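Trainee: PDB, C-alpha atoms and all ligand atoms, saved as structure.pdb, coming up:
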ATOM      1  CA  MET A 268      -9.057   6.451 -21.036
ATOM      2  CA  GLU A 269      -9.856   5.063 -17.603
ATOM      3  CA  GLN A 270     -10.267   7.643 -14.848
ATOM      4  CA  PHE A 271      -8.826   7.034 -11.384
ATOM      5  CA  VAL A 272      -9.444   8.855  -8.125
ATOM      6  CA  ARG A 273      -6.095  10.317  -6.999
ATOM      7  CA  PRO A 274      -5.032   8.745  -3.711
ATOM      8  CA  THR A 275      -3.571  10.877  -0.922
ATOM      9  CA  ILE A 276      -0.312   9.461   0.410
ATOM     10  CA  VAL A 277       1.733  10.585   3.406
ATOM     11  CA  VAL A 278       5.434  10.269   2.566
ATOM     12  CA  SER A 279       8.668  10.763   4.496
ATOM     13  CA  LYS A 280       9.886  14.104   3.230
ATOM     14  CA  CYS A 281      13.496  12.989   2.705
ATOM     15  CA  LEU A 282      12.251  10.660  -0.089
ATOM     16  CA  GLU A 283      12.409  12.929  -3.128
ATOM     17  CA  PHE A 284      10.994  16.063  -1.442
ATOM     18  CA  GLU A 285      13.580  17.824   0.725
ATOM     19  CA  HIS A 286      17.197  17.659   1.907
ATOM     20  CA  CYS A 287      16.073  17.077   5.474
ATOM     21  CA  ARG A 288      18.128  14.061   6.631
ATOM     22  CA  TYR A 289      20.546  14.272   9.556
ATOM     23  CA  ASP A 290      23.454  14.718   7.095
ATOM     24  CA  GLY A 291      21.614  17.295   4.968
ATOM     25  CA  SER A 292      20.885  14.851   2.164
ATOM     26  CA  MET A 293      17.765  13.752   0.323
ATOM     27  CA  ILE A 294      17.143  10.224  -0.968
ATOM     28  CA  GLY A 295      16.322   9.736  -4.634
ATOM     29  CA  ASP A 296      13.499   7.264  -5.131
ATOM     30  CA  LEU A 297      12.277   6.377  -8.621
ATOM     31  CA  PHE A 298       8.882   5.079  -7.503
ATOM     32  CA  VAL A 299       8.065   8.142  -5.373
ATOM     33  CA  ARG A 300       9.231  10.355  -8.249
ATOM     34  CA  LYS A 301       6.920   8.525 -10.625
ATOM     35  CA  LEU A 302       3.991   8.613  -8.207
ATOM     36  CA  LYS A 303       4.192  12.414  -8.004
ATOM     37  CA  ASN A 304       2.133  12.590 -11.215
ATOM     38  CA  TYR A 305      -0.514  10.163  -9.985
ATOM     39  CA  VAL A 306      -1.139  10.763  -6.274
ATOM     40  CA  ASP A 307      -1.404  13.749  -3.931
ATOM     41  CA  PHE A 308       1.483  13.571  -1.508
ATOM     42  CA  ILE A 309       1.610  14.929   2.049
ATOM     43  CA  PRO A 310       5.385  15.058   2.728
ATOM     44  CA  LEU A 311       6.347  15.101   6.415
ATOM     45  CA  CYS A 312       9.673  15.143   8.258
ATOM     46  CA  PRO A 313       8.901  14.372  11.919
ATOM     47  CA  GLU A 314      12.424  15.284  13.055
ATOM     48  CA  MET A 315      12.289  18.721  11.468
ATOM     49  CA  GLU A 316       8.716  19.207  12.657
ATOM     50  CA  ILE A 317       9.867  18.863  16.269
ATOM     51  CA  GLY A 318      12.290  21.710  15.592
ATOM     52  CA  LEU A 319      15.540  19.974  14.619
ATOM     53  CA  PRO A 320      17.700  21.484  11.880
ATOM     54  CA  SER A 321      19.265  19.727   8.900
ATOM     55  CA  PRO A 322      22.102  18.795   9.095
ATOM     56  CA  ARG A 323      21.882  17.619  12.722
ATOM     57  CA  GLN A 324      23.218  14.946  15.030
ATOM     58  CA  ALA A 325      21.928  11.478  14.102
ATOM     59  CA  LEU A 326      19.208   9.959  16.291
ATOM     60  CA  ARG A 327      18.914   6.427  17.595
ATOM     61  CA  ILE A 328      16.588   4.288  19.693
ATOM     62  CA  ILE A 329      17.851   2.809  22.951
ATOM     63  CA  GLU A 330      16.324   0.365  25.395
ATOM     64  CA  GLN A 331      15.081   1.978  28.585
ATOM     65  CA  GLY A 332      13.758  -0.567  31.083
ATOM     66  CA  GLU A 333      10.662  -2.091  29.477
ATOM     67  CA  GLY A 334      10.402   0.738  26.969
ATOM     68  CA  GLU A 335      12.441   2.637  24.394
ATOM     69  CA  GLU A 336      13.849   6.156  24.134
ATOM     70  CA  LEU A 337      14.622   8.271  21.100
ATOM     71  CA  ILE A 338      17.909  10.059  21.702
ATOM     72  CA  PHE A 339      20.718  11.973  20.003
ATOM     73  CA  SER A 340      23.355   9.338  19.183
ATOM     74  CA  GLN A 341      26.328  11.359  20.425
ATOM     75  CA  THR A 342      25.047  13.273  23.449
ATOM     76  CA  GLY A 343      22.253  10.978  24.654
ATOM     77  CA  GLU A 344      19.796  13.880  24.968
ATOM     78  CA  SER A 345      16.249  12.480  24.837
ATOM     79  CA  LEU A 346      13.761  13.484  22.144
ATOM     80  CA  THR A 347      11.139  10.948  23.169
ATOM     81  CA  ALA A 348       8.654  13.425  24.676
ATOM     82  CA  PRO A 349       8.590  15.956  21.809
ATOM     83  CA  MET A 350       8.406  13.157  19.215
ATOM     84  CA  GLU A 351       5.529  11.416  21.029
ATOM     85  CA  VAL A 352       3.612  14.680  21.397
ATOM     86  CA  TYR A 353       4.170  15.494  17.721
ATOM     87  CA  ALA A 354       3.186  11.990  16.555
ATOM     88  CA  LYS A 355      -0.048  12.050  18.587
ATOM     89  CA  LYS A 356      -1.006  15.500  17.288
ATOM     90  CA  LYS A 357      -0.191  14.553  13.691
ATOM     91  CA  MET A 358      -2.196  11.305  13.903
ATOM     92  CA  ASN A 359      -5.262  13.271  15.062
ATOM     93  CA  GLU A 360      -4.788  15.748  12.222
ATOM     94  CA  LEU A 361      -4.422  12.976   9.634
ATOM     95  CA  LYS A 362      -7.441  11.093  10.996
ATOM     96  CA  SER A 363      -9.623  14.123  10.447
ATOM     97  CA  SER A 364      -8.422  14.495   6.838
ATOM     98  CA  HIS A 365      -8.347  11.950   4.022
ATOM     99  CA  VAL A 366      -5.367   9.592   3.706
ATOM    100  CA  ASP A 367      -5.145   6.456   1.545
ATOM    101  CA  GLY A 368      -1.678   5.202   2.467
ATOM    102  CA  PHE A 369       1.868   5.867   3.664
ATOM    103  CA  ILE A 370       5.382   5.532   2.251
ATOM    104  CA  LEU A 371       7.879   5.776   5.093
ATOM    105  CA  LYS A 372      11.683   5.870   5.124
ATOM    106  CA  SER A 373      12.973   2.441   6.041
ATOM    107  CA  ARG A 374      15.072   1.841   9.172
ATOM    108  CA  SER A 375      14.750   5.438  10.426
ATOM    109  CA  PRO A 376      14.423   5.751  14.242
ATOM    110  CA  SER A 377      11.599   8.215  13.556
ATOM    111  CA  CYS A 378       9.864   7.089  10.342
ATOM    112  CA  GLY A 379      10.783   3.393  10.145
ATOM    113  CA  MET A 380       7.819   1.002  10.253
ATOM    114  CA  LYS A 381      10.063  -1.955  11.209
ATOM    115  CA  ASP A 382      13.693  -3.103  11.128
ATOM    116  CA  VAL A 383      14.970  -0.103  13.106
ATOM    117  CA  LYS A 384      18.131  -0.791  15.085
ATOM    118  CA  VAL A 385      18.019  -0.653  18.890
ATOM    119  CA  TYR A 386      21.072   0.282  20.941
ATOM    120  CA  LYS A 387      22.000  -0.142  24.570
ATOM    121  CA  THR A 388      23.191   3.419  25.011
ATOM    122  CA  TYR A 389      24.468   6.531  23.226
ATOM    123  CA  GLY A 390      27.989   6.989  21.892
ATOM    124  CA  LYS A 391      30.098   4.177  20.533
ATOM    125  CA  SER A 392      28.156   0.948  21.009
ATOM    126  CA  SER A 393      26.964  -1.779  18.693
ATOM    127  CA  SER A 394      23.276  -2.401  18.096
ATOM    128  CA  LEU A 395      21.309  -5.126  19.880
ATOM    129  CA  PRO A 396      20.101  -8.203  17.958
ATOM    130  CA  ARG A 397      16.417  -7.170  18.035
ATOM    131  CA  LYS A 398      14.773  -4.576  15.741
ATOM    132  CA  THR A 399      11.909  -2.176  16.412
ATOM    133  CA  LYS A 400       9.666   0.490  14.848
ATOM    134  CA  GLY A 401      10.547   4.172  14.626
ATOM    135  CA  PHE A 402       8.561   6.483  16.915
ATOM    136  CA  PHE A 403       6.513   8.096  14.138
ATOM    137  CA  GLY A 404       6.285   4.814  12.180
ATOM    138  CA  LYS A 405       4.908   3.098  15.279
ATOM    139  CA  ALA A 406       2.182   5.739  15.689
ATOM    140  CA  VAL A 407       1.252   5.343  12.004
ATOM    141  CA  THR A 408       0.969   1.545  12.206
ATOM    142  CA  GLN A 409      -1.114   1.826  15.400
ATOM    143  CA  GLU A 410      -3.543   4.439  14.082
ATOM    144  CA  PHE A 411      -3.725   3.514  10.392
ATOM    145  CA  GLY A 412      -3.142  -0.243  10.461
ATOM    146  CA  GLN A 413      -6.098  -0.726   8.092
ATOM    147  CA  LEU A 414      -4.344   1.246   5.307
ATOM    148  CA  ALA A 415      -1.417   0.456   2.996
ATOM    149  CA  ILE A 416       1.803   1.348   4.838
ATOM    150  CA  GLU A 417       5.103   0.561   3.169
ATOM    151  CA  ASP A 418       8.688   1.699   3.244
ATOM    152  CA  GLU A 419      10.660   2.613   0.158
ATOM    153  CA  GLY A 420      12.888  -0.458   0.566
ATOM    154  CA  ARG A 421       9.992  -2.934   0.340
ATOM    155  CA  LEU A 422       8.514  -1.026  -2.604
ATOM    156  CA  LEU A 423      11.544  -2.034  -4.691
ATOM    157  CA  ASN A 424       9.814  -5.410  -5.035
ATOM    158  CA  TYR A 425       7.293  -5.328  -7.885
ATOM    159  CA  GLU A 426       4.779  -7.647  -6.189
ATOM    160  CA  ILE A 427       4.726  -5.392  -3.147
ATOM    161  CA  ARG A 428       4.367  -2.349  -5.433
ATOM    162  CA  GLU A 429       1.435  -3.969  -7.286
ATOM    163  CA  HIS A 430      -0.266  -4.739  -3.980
ATOM    164  CA  PHE A 431       0.434  -1.252  -2.605
ATOM    165  CA  CYS A 432      -0.905   0.495  -5.728
ATOM    166  CA  THR A 433      -3.998  -1.724  -5.780
ATOM    167  CA  ARG A 434      -4.746  -0.904  -2.143
ATOM    168  CA  ILE A 435      -4.306   2.848  -2.378
ATOM    169  CA  TYR A 436      -6.375   3.211  -5.575
ATOM    170  CA  THR A 437      -9.144   0.916  -4.310
ATOM    171  CA  HIS A 438      -9.251   2.772  -1.011
ATOM    172  CA  ALA A 439      -9.347   6.151  -2.769
ATOM    173  CA  ALA A 440     -12.165   4.978  -5.072
ATOM    174  CA  PHE A 441     -14.213   3.832  -2.087
ATOM    175  CA  GLN A 442     -13.675   7.139  -0.259
ATOM    176  CA  GLU A 443     -15.055   8.901  -3.337
ATOM    177  CA  LEU A 444     -18.063   6.563  -3.377
ATOM    178  CA  LYS A 445     -18.723   7.347   0.291
ATOM    179  CA  LYS A 446     -19.256  11.029  -0.490
ATOM    180  CA  THR A 447     -22.707  10.284  -1.974
ATOM    181  CA  PRO A 448     -23.615   6.884  -0.585
ATOM    182  CA  ASN A 449     -26.358   4.909  -2.279
ATOM    183  CA  MET A 450     -26.910   1.172  -2.676
ATOM    184  CA  GLY A 451     -26.892   1.185  -6.480
ATOM    185  CA  GLU A 452     -23.376   2.625  -6.601
ATOM    186  CA  LEU A 453     -22.156   0.180  -3.970
ATOM    187  CA  VAL A 454     -23.528  -2.752  -6.015
ATOM    188  CA  ARG A 455     -21.723  -1.378  -9.083
ATOM    189  CA  PHE A 456     -18.453  -0.963  -7.132
ATOM    190  CA  HIS A 457     -18.735  -4.506  -5.756
ATOM    191  CA  SER A 458     -19.473  -5.941  -9.177
ATOM    192  CA  GLN A 459     -16.487  -4.139 -10.787
ATOM    193  CA  HIS A 460     -14.173  -5.499  -8.086
ATOM    194  CA  LYS A 461     -15.498  -9.067  -8.146
ATOM    195  CA  TYR A 462     -12.477 -10.744  -9.720
ATOM    196  CA  LEU A 463      -9.937  -8.492  -8.031
ATOM    197  CA  PHE A 464     -11.415  -9.296  -4.615
ATOM    198  CA  MET A 465     -11.687 -12.978  -5.537
ATOM    199  CA  ALA A 466      -7.931 -12.992  -6.161
ATOM    200  CA  TYR A 467      -7.353 -11.457  -2.745
ATOM    201  CA  HIS A 468      -9.640 -13.791  -0.820
ATOM    202  CA  PRO A 469     -12.671 -15.706  -2.158
ATOM    203  CA  ASN A 470     -14.236 -16.100   1.323
ATOM    204  CA  HIS A 471     -13.976 -12.391   2.050
ATOM    205  CA  LEU A 472     -15.501 -11.718  -1.369
ATOM    206  CA  ASN A 473     -18.526 -13.772  -0.284
ATOM    207  CA  SER A 474     -18.773 -11.813   2.979
ATOM    208  CA  LEU A 475     -18.720  -8.560   1.015
ATOM    209  CA  GLY A 476     -21.467  -9.934  -1.237
ATOM    210  CA  LYS A 477     -23.650 -10.610   1.806
ATOM    211  CA  ILE A 478     -23.067  -7.084   3.114
ATOM    212  CA  VAL A 479     -24.153  -5.645  -0.251
ATOM    213  CA  ALA A 480     -27.213  -7.949  -0.407
ATOM    214  CA  ASN A 481     -28.251  -6.390   2.936
ATOM    215  CA  HIS A 482     -30.919  -8.912   3.871
ATOM    216  CA  GLN A 483     -31.030  -7.366   7.365
ATOM    217  CA  LYS A 484     -32.177  -4.041   5.827
ATOM    218  CA  ASN A 485     -29.463  -2.053   7.610
ATOM    219  CA  SER A 486     -29.166   1.678   6.965
ATOM    220  CA  ILE A 487     -26.979   2.760   4.025
ATOM    221  CA  PRO A 488     -24.293   4.320   6.286
ATOM    222  CA  ASP A 489     -24.127   1.068   8.293
ATOM    223  CA  VAL A 490     -23.818  -0.996   5.105
ATOM    224  CA  TYR A 491     -21.025   1.262   3.813
ATOM    225  CA  ALA A 492     -19.178   1.109   7.153
ATOM    226  CA  ALA A 493     -19.410  -2.702   7.266
ATOM    227  CA  TYR A 494     -18.332  -2.958   3.626
ATOM    228  CA  GLU A 495     -15.318  -0.699   4.148
ATOM    229  CA  GLU A 496     -14.169  -2.615   7.203
ATOM    230  CA  ALA A 497     -14.461  -5.967   5.418
ATOM    231  CA  MET A 498     -12.812  -4.598   2.259
ATOM    232  CA  ASN A 499      -9.832  -3.243   4.217
ATOM    233  CA  LYS A 500      -9.471  -6.649   5.862
ATOM    234  CA  LEU A 501      -9.571  -8.356   2.469
ATOM    235  CA  LEU A 502      -6.951  -6.006   1.017
ATOM    236  CA  ALA A 503      -4.596  -6.366   3.986
ATOM    237  CA  THR A 504      -2.832  -9.432   2.577
ATOM    238  CA  ALA A 505      -1.486  -9.607  -0.974
ATOM    239  CA  PRO A 506      -3.115 -12.218  -3.220
ATOM    240  CA  ASN A 507      -1.034 -15.355  -3.356
ATOM    241  CA  THR A 508       0.000 -16.799  -6.689
ATOM    242  CA  MET A 509      -2.409 -19.759  -6.529
ATOM    243  CA  ARG A 510      -5.446 -17.536  -5.893
ATOM    244  CA  MET A 511      -4.422 -15.240  -8.715
ATOM    245  CA  ILE A 512      -3.993 -18.202 -11.058
ATOM    246  CA  ASN A 513      -7.436 -19.449 -10.070
ATOM    247  CA  VAL A 514      -8.923 -16.094 -11.101
ATOM    248  CA  MET A 515      -6.888 -16.043 -14.316
ATOM    249  CA  LEU A 516      -8.387 -19.446 -15.191
ATOM    250  CA  HIS A 517     -11.893 -18.150 -14.393
ATOM    251  CA  LEU A 518     -11.329 -15.258 -16.808
ATOM    252  CA  PHE A 519      -9.744 -17.534 -19.404
ATOM    253  CA  GLY A 520     -12.945 -19.602 -19.257
ATOM    254  CA  TYR A 521     -14.878 -16.702 -20.841
ATOM    255  CA  PHE A 522     -12.838 -17.037 -24.059
ATOM    256  CA  SER A 523     -11.328 -20.508 -24.229
ATOM    257  CA  LYS A 524     -13.939 -21.840 -26.678
ATOM    258  CA  ASP A 525     -13.161 -18.973 -29.092
ATOM    259  CA  LEU A 526      -9.365 -19.359 -29.033
ATOM    260  CA  ASN A 527      -7.238 -21.523 -31.260
ATOM    261  CA  VAL A 528      -4.788 -24.097 -29.958
ATOM    262  CA  LYS A 529      -1.752 -21.815 -30.285
ATOM    263  CA  GLU A 530      -3.455 -18.954 -28.421
ATOM    264  CA  LYS A 531      -4.462 -21.275 -25.598
ATOM    265  CA  ALA A 532      -0.930 -22.697 -25.358
ATOM    266  CA  TYR A 533       0.541 -19.178 -25.347
ATOM    267  CA  PHE A 534      -1.701 -18.166 -22.464
ATOM    268  CA  LEU A 535      -1.023 -21.308 -20.438
ATOM    269  CA  ASP A 536       2.725 -20.764 -20.948
ATOM    270  CA  ALA A 537       2.427 -17.194 -19.707
ATOM    271  CA  MET A 538       0.539 -18.393 -16.647
ATOM    272  CA  GLU A 539       3.270 -20.923 -15.950
ATOM    273  CA  GLN A 540       5.876 -18.157 -16.165
ATOM    274  CA  TYR A 541       3.800 -16.119 -13.717
ATOM    275  CA  ARG A 542       3.579 -19.125 -11.388
ATOM    276  CA  ASN A 543       7.395 -19.321 -11.486
ATOM    277  CA  HIS A 544       7.716 -15.562 -10.776
ATOM    278  CA  GLN A 545       9.354 -14.966 -14.178
ATOM    279  CA  ILE A 546       6.770 -12.389 -15.290
ATOM    280  CA  PRO A 547       4.419 -10.147 -13.295
ATOM    281  CA  GLN A 548       0.689 -10.628 -12.934
ATOM    282  CA  SER A 549       0.091  -7.578 -15.126
ATOM    283  CA  THR A 550       1.624  -9.350 -18.155
ATOM    284  CA  VAL A 551      -0.905 -12.199 -17.972
ATOM    285  CA  MET A 552      -3.697  -9.712 -17.328
ATOM    286  CA  ALA A 553      -2.709  -7.788 -20.461
ATOM    287  CA  ILE A 554      -3.290 -10.934 -22.559
ATOM    288  CA  LEU A 555      -6.710 -11.478 -20.992
ATOM    289  CA  ARG A 556      -7.566  -7.797 -21.374
ATOM    290  CA  ALA A 557      -6.772  -7.978 -25.097
ATOM    291  CA  TRP A 558      -9.286 -10.828 -25.414
ATOM    292  CA  VAL A 559     -11.916  -8.871 -23.446
ATOM    293  CA  ILE A 560     -11.638  -6.184 -26.120
ATOM    294  CA  ARG A 561     -11.440  -8.572 -29.056
ATOM    295  CA  PHE A 562     -14.471 -10.633 -27.990
ATOM    296  CA  GLU A 563     -16.366  -7.594 -26.628
ATOM    297  CA  GLN A 564     -16.956  -9.162 -23.242
ATOM    298  CA  ASP A 565     -18.910  -6.248 -21.777
ATOM    299  CA  TYR A 566     -19.178  -7.682 -18.257
ATOM    300  CA  LEU A 567     -15.402  -8.012 -18.013
ATOM    301  CA  MET A 568     -14.690  -4.659 -19.643
ATOM    302  CA  ASP A 569     -15.069  -2.799 -16.324
ATOM    303  CA  GLN A 570     -13.419  -5.388 -14.089
ATOM    304  CA  LYS A 571     -10.836  -3.653 -11.910
ATOM    305  CA  ILE A 572      -8.551  -6.670 -11.881
ATOM    306  CA  PHE A 573      -7.285  -5.554 -15.307
ATOM    307  CA  THR A 574      -6.395  -2.031 -14.255
ATOM    308  CA  PRO A 575      -6.637  -1.599 -10.484
ATOM    309  CA  TYR A 576      -4.351   1.461 -10.845
ATOM    310  CA  PRO A 577      -2.975   3.542 -13.751
ATOM    311  CA  LEU A 578      -1.047   1.412 -16.232
ATOM    312  CA  GLU A 579       1.775   3.953 -16.208
ATOM    313  CA  LEU A 580       2.631   2.768 -12.694
ATOM    314  CA  VAL A 581       3.182  -0.821 -13.783
ATOM    315  CA  GLU A 582       6.891  -1.412 -13.703
ATOM    316  CA  VAL A 583       8.673  -4.750 -13.472
ATOM    317  CA  ARG A 584      11.923  -3.361 -11.955
ATOM    318  CA  ASP A 585      12.491  -5.497  -8.904
ATOM    319  CA  SER A 586      14.782  -5.826  -5.914
ATOM    320  CA  GLY A 587      14.647  -9.612  -6.208
ATOM    321  CA  LYS A 588      13.523  -9.802  -2.560
ATOM    322  CA  GLY A 589      10.123 -11.474  -2.142
ATOM    323  CA  ILE A 590       7.141 -10.286  -0.078
TER     324      ILE A 590
HETATM  325  S1  LIG B   1      13.434   9.525   7.829
HETATM  326 FE1  LIG B   1      11.749  10.778   8.501
HETATM  327  S2  LIG B   1      12.560  12.006  10.161
HETATM  328 FE2  LIG B   1      14.312  11.161   9.049
HETATM  329  S3  LIG B   1      14.822  12.724   7.566
HETATM  330 FE3  LIG B   1      13.421  11.319   6.571
HETATM  331  S4  LIG B   1      11.439  12.254   6.867
HETATM  332 FE4  LIG B   1      12.811  13.207   8.317
END
Using structure tokens, write down the structure that the file contains.
Mentor:
Amino acid sequence: MEQFVRPTIVVSKCLEFEHCRYDGSMIGDLFVRKLKNYVDFIPLCPEMEIGLPSPRQALRIIEQGEGEELIFSQTGESLTAPMEVYAKKKMNELKSSHVDGFILKSRSPSCGMKDVKVYKTYGKSSSLPRKTKGFFGKAVTQEFGQLAIEDEGRLLNYEIREHFCTRIYTHAAFQELKKTPNMGELVRFHSQHKYLFMAYHPNHLNSLGKIVANHQKNSIPDVYAAYEEAMNKLLATAPNTMRMINVMLHLFGYFSKDLNVKEKAYFLDAMEQYRNHQIPQSTVMAILRAWVIRFEQDYLMDQKIFTPYPLELVEVRDSGKGI
């Protein structure tokens, strides 16, 4: 059975961990619940960590000149200063530990990473047309923009979940590699990720190849640092369908001469269904993976594109909202 390095994920505590919302509730989230067996979570509730109780008055963000304030919705009392101090301190703490990604509560004036309502003032007033980031969510996106940061709403989409899981497991694997850096292991890592990275971005894959080739004879720490930076850049954008299909065809090329007409037609049908977003990428990959085993294609056996994260996390439940 394939072994994976367990990623460390910071999560908004009200998602499956504690009844810490303003109304004393907790939010059930199937994906977070499932992940509990596969990642190490760091649950945080910024509002409770600045000393607020649960239940409490709801918070909101209001416009204040050029800037924004975090306030109690009913009384208008400002919580901007304590939240900014807390967020800064927490970012420094997290930077000195190991984090592979974040799952934040959507639309929260504290945790939200986008789509947070902005109001003119406290009390009864309707929200303005523009949206913003929550105060803690903003600090996270500023300090950890190179990592996978999602909210639980977006993770209802299976393509976003696949991308998120791929990023956190790839990042965690590289952090493990960094503990005992040597060029041989980096070459192995790069080779195992060849087709996965090709699906993300073929040009970035070439840049990574040049870093690994190290014709400039840079030091190993410098090579690792350059590789990590380029890899994070590559993983920042989800692979588009056409790039993924291109890689699927590359992989199909390893076996096509050994397949009969019906098998080939079955595969091409499946790829068409993937192109039309009727089935997930993992379904097509499962067909290819079966052929890797059947035809004993040793080079492909270790390719991470087949299992970039534990199979148990593959789930096709979907919100129907695209990336
Ligand atoms: S959204 Fe963030 S601040 Fe609000 S209850 Fe959840 S964890 Fe706490």
Trainee: Can you tell me, as JSON, numbers by chain, which residues sit within 10 Å of (8.9, 14.6, 5.5) in the file's frame, using all atoms listed in the file?
Mentor: {"A": [277, 278, 279, 280, 281, 282, 283, 284, 285, 286, 287, 288, 309, 310, 311, 312, 313, 314, 315, 316, 371, 372, 378]}
Trainee: Save the residues we just selected, C-alpha atoms, as a PDB file, in the coordinates of the input?
Mentor:
ATOM      1  CA  VAL A 277       1.733  10.585   3.406  1.00  0.00           C
ATOM      2  CA  VAL A 278       5.434  10.269   2.566  1.00  0.00           C
ATOM      3  CA  SER A 279       8.668  10.763   4.496  1.00  0.00           C
ATOM      4  CA  LYS A 280       9.886  14.104   3.230  1.00  0.00           C
ATOM      5  CA  CYS A 281      13.496  12.989   2.705  1.00  0.00           C
ATOM      6  CA  LEU A 282      12.251  10.660  -0.089  1.00  0.00           C
ATOM      7  CA  GLU A 283      12.409  12.929  -3.128  1.00  0.00           C
ATOM      8  CA  PHE A 284      10.994  16.063  -1.442  1.00  0.00           C
ATOM      9  CA  GLU A 285      13.580  17.824   0.725  1.00  0.00           C
ATOM     10  CA  HIS A 286      17.197  17.659   1.907  1.00  0.00           C
ATOM     11  CA  CYS A 287      16.073  17.077   5.474  1.00  0.00           C
ATOM     12  CA  ARG A 288      18.128  14.061   6.631  1.00  0.00           C
ATOM     13  CA  ILE A 309       1.610  14.929   2.049  1.00  0.00           C
ATOM     14  CA  PRO A 310       5.385  15.058   2.728  1.00  0.00           C
ATOM     15  CA  LEU A 311       6.347  15.101   6.415  1.00  0.00           C
ATOM     16  CA  CYS A 312       9.673  15.143   8.258  1.00  0.00           C
ATOM     17  CA  PRO A 313       8.901  14.372  11.919  1.00  0.00           C
ATOM     18  CA  GLU A 314      12.424  15.284  13.055  1.00  0.00           C
ATOM     19  CA  MET A 315      12.289  18.721  11.468  1.00  0.00           C
ATOM     20  CA  GLU A 316       8.716  19.207  12.657  1.00  0.00           C
ATOM     21  CA  LEU A 371       7.879   5.776   5.093  1.00  0.00           C
ATOM     22  CA  LYS A 372      11.683   5.870   5.124  1.00  0.00           C
ATOM     23  CA  CYS A 378       9.864   7.089  10.342  1.00  0.00           C
TER      24      CYS A 378
END
Trainee: Grab the CA of Arg323 (chain A) to CA of Tyr289 (chain A) distance for me, in Å with one decimal place.
Mentor: 4.8 Å
Trainee: By how many Å are CA of Ala354 (chain A) and CA of Ile294 (chain A) apart?
Mentor: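 A separation of 22.5 Å between them.
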Trainee: Emit as JSON the padded axis-aligned box for all listed atoms of region 321-337 of chain A, 8 Å per side, with centre and edge lengths in Å to one decimal.
Mentor:
{"center_x": 16.8, "center_y": 8.8, "center_z": 20.0, "size_x": 28.8, "size_y": 37.8, "size_z": 38.2}
Trainee: Atom S2 of ligand LIG 1 (chain B) and CA of Lys387 (chain A) are how many Å apart?
Mentor: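 That distance, rounded to one decimal, is 21.1 Å.
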Trainee: If the PyMOL selection byres (((chain A and resi 569-583) around 7) and not hetatm) were run on this exact file, what residues would it hold? Put them as a ChimeraX atom specification.
Mentor: /A:425,432-433,436,459-460,462-463,547,552,556,566-568,584-585
Trainee: Please evaluate the PyMOL selection byres (((chain A and resi 494-501) around 9) and not hetatm) against the displayed coordinates and give the resulting residues as a list in words.
Mentor: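 On the file shown, the PyMOL selection byres (((chain A and resi 494-501) around 9) and not hetatm) covers Gln413, Leu414, Arg434, His438, Phe441, Phe464, Tyr467, His468, His471, Leu472, Ser474, Leu475, Ile478, Val479, Asp489, Val490, Tyr491, Ala492, Ala493, Leu502, Ala503, Thr504 and Ala505 of chain A.
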Trainee: Using the chain letters and numbers from the file, which residues does the PyMOL selection byres (((chain A and resi 519) around 10) and not hetatm) grab, as a list of chain:residue names?
Mentor: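 Listing what the PyMOL selection byres (((chain A and resi 519) around 10) and not hetatm) selects in the shown file: A:Asn513, A:Val514, A:Met515, A:Leu516, A:His517, A:Leu518, A:Gly520, A:Tyr521, A:Phe522, A:Ser523, A:Lys524, A:Leu526, A:Lys531, A:Phe534, A:Leu535, A:Ile554, A:Leu555, A:Trp558, A:Val559.
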Trainee: How close does each residue of region 371-431 of chain A get to region 329-334 of chain A, giving the shortest atom pair and distance in Å to one decimal for every residue with an atom at most 6 Å away, counting all atoms listed in the file, sorted by chain and residue number, as a tab-separated table?
Mentor:
residue	atom	partner	partner_atom	distance
A:Val385	CA	A:Ile329	CA	5.3
A:Tyr386	CA	A:Ile329	CA	4.6
A:Lys387	CA	A:Ile329	CA	5.3
A:Thr388	CA	A:Ile329	CA	5.8
Trainee: Rank A:Arg397, A:Glu417, A:Met358, A:Gln324 by their smallest atom-to-atom distance to Thr342 (chain A), using all atoms listed in the file, and report the top residue only.
Mentor: A:Gln324
Trainee: Using only C-alpha atoms and all ligand atoms for the distances, tell me which of A:Ser340, A:Asn359, A:Gln442, A:Ser375 is nearest to ligand LIG 1 (chain B).
Mentor: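 Among the listed residues, the smallest separation from ligand LIG 1 (chain B) belongs to A:Ser375.
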Trainee: Hey, what's within 9 Å of Lys400 (chain A) if we count only C-alpha atoms and toss same-chain stuff fewer than 5 positions away? As a list of chain:residue names, please?
Mentor: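 Everything that qualifies: A:Arg374, A:Ser375, A:Pro376, A:Ser377, A:Cys378, A:Gly379, A:Met380, A:Lys381, A:Asp382, A:Val383, A:Lys384, A:Lys405.
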Trainee: Could you add whatever atoms are missing so that region 275-279 of chain A carries N, CA and C atoms, then write the result as a PDB file, in the frame of the given file?
Mentor:
ATOM      1  N   THR A 275      -4.394   9.969  -1.723  1.00  0.00           N
ATOM      2  CA  THR A 275      -3.571  10.877  -0.922  1.00  0.00           C
ATOM      3  C   THR A 275      -2.620  10.033  -0.075  1.00  0.00           C
ATOM      4  N   ILE A 276      -1.330  10.307  -0.233  1.00  0.00           N
ATOM      5  CA  ILE A 276      -0.312   9.461   0.410  1.00  0.00           C
ATOM      6  C   ILE A 276       0.612  10.325   1.276  1.00  0.00           C
ATOM      7  N   VAL A 277       0.761   9.924   2.525  1.00  0.00           N
ATOM      8  CA  VAL A 277       1.733  10.585   3.406  1.00  0.00           C
ATOM      9  C   VAL A 277       3.099   9.950   3.119  1.00  0.00           C
ATOM     10  N   VAL A 278       4.111  10.793   2.923  1.00  0.00           N
ATOM     11  CA  VAL A 278       5.434  10.269   2.566  1.00  0.00           C
ATOM     12  C   VAL A 278       6.506  10.934   3.439  1.00  0.00           C
ATOM     13  N   SER A 279       7.518  10.175   3.789  1.00  0.00           N
ATOM     14  CA  SER A 279       8.668  10.763   4.496  1.00  0.00           C
ATOM     15  C   SER A 279       9.311  11.787   3.568  1.00  0.00           C
TER      16      SER A 279
END
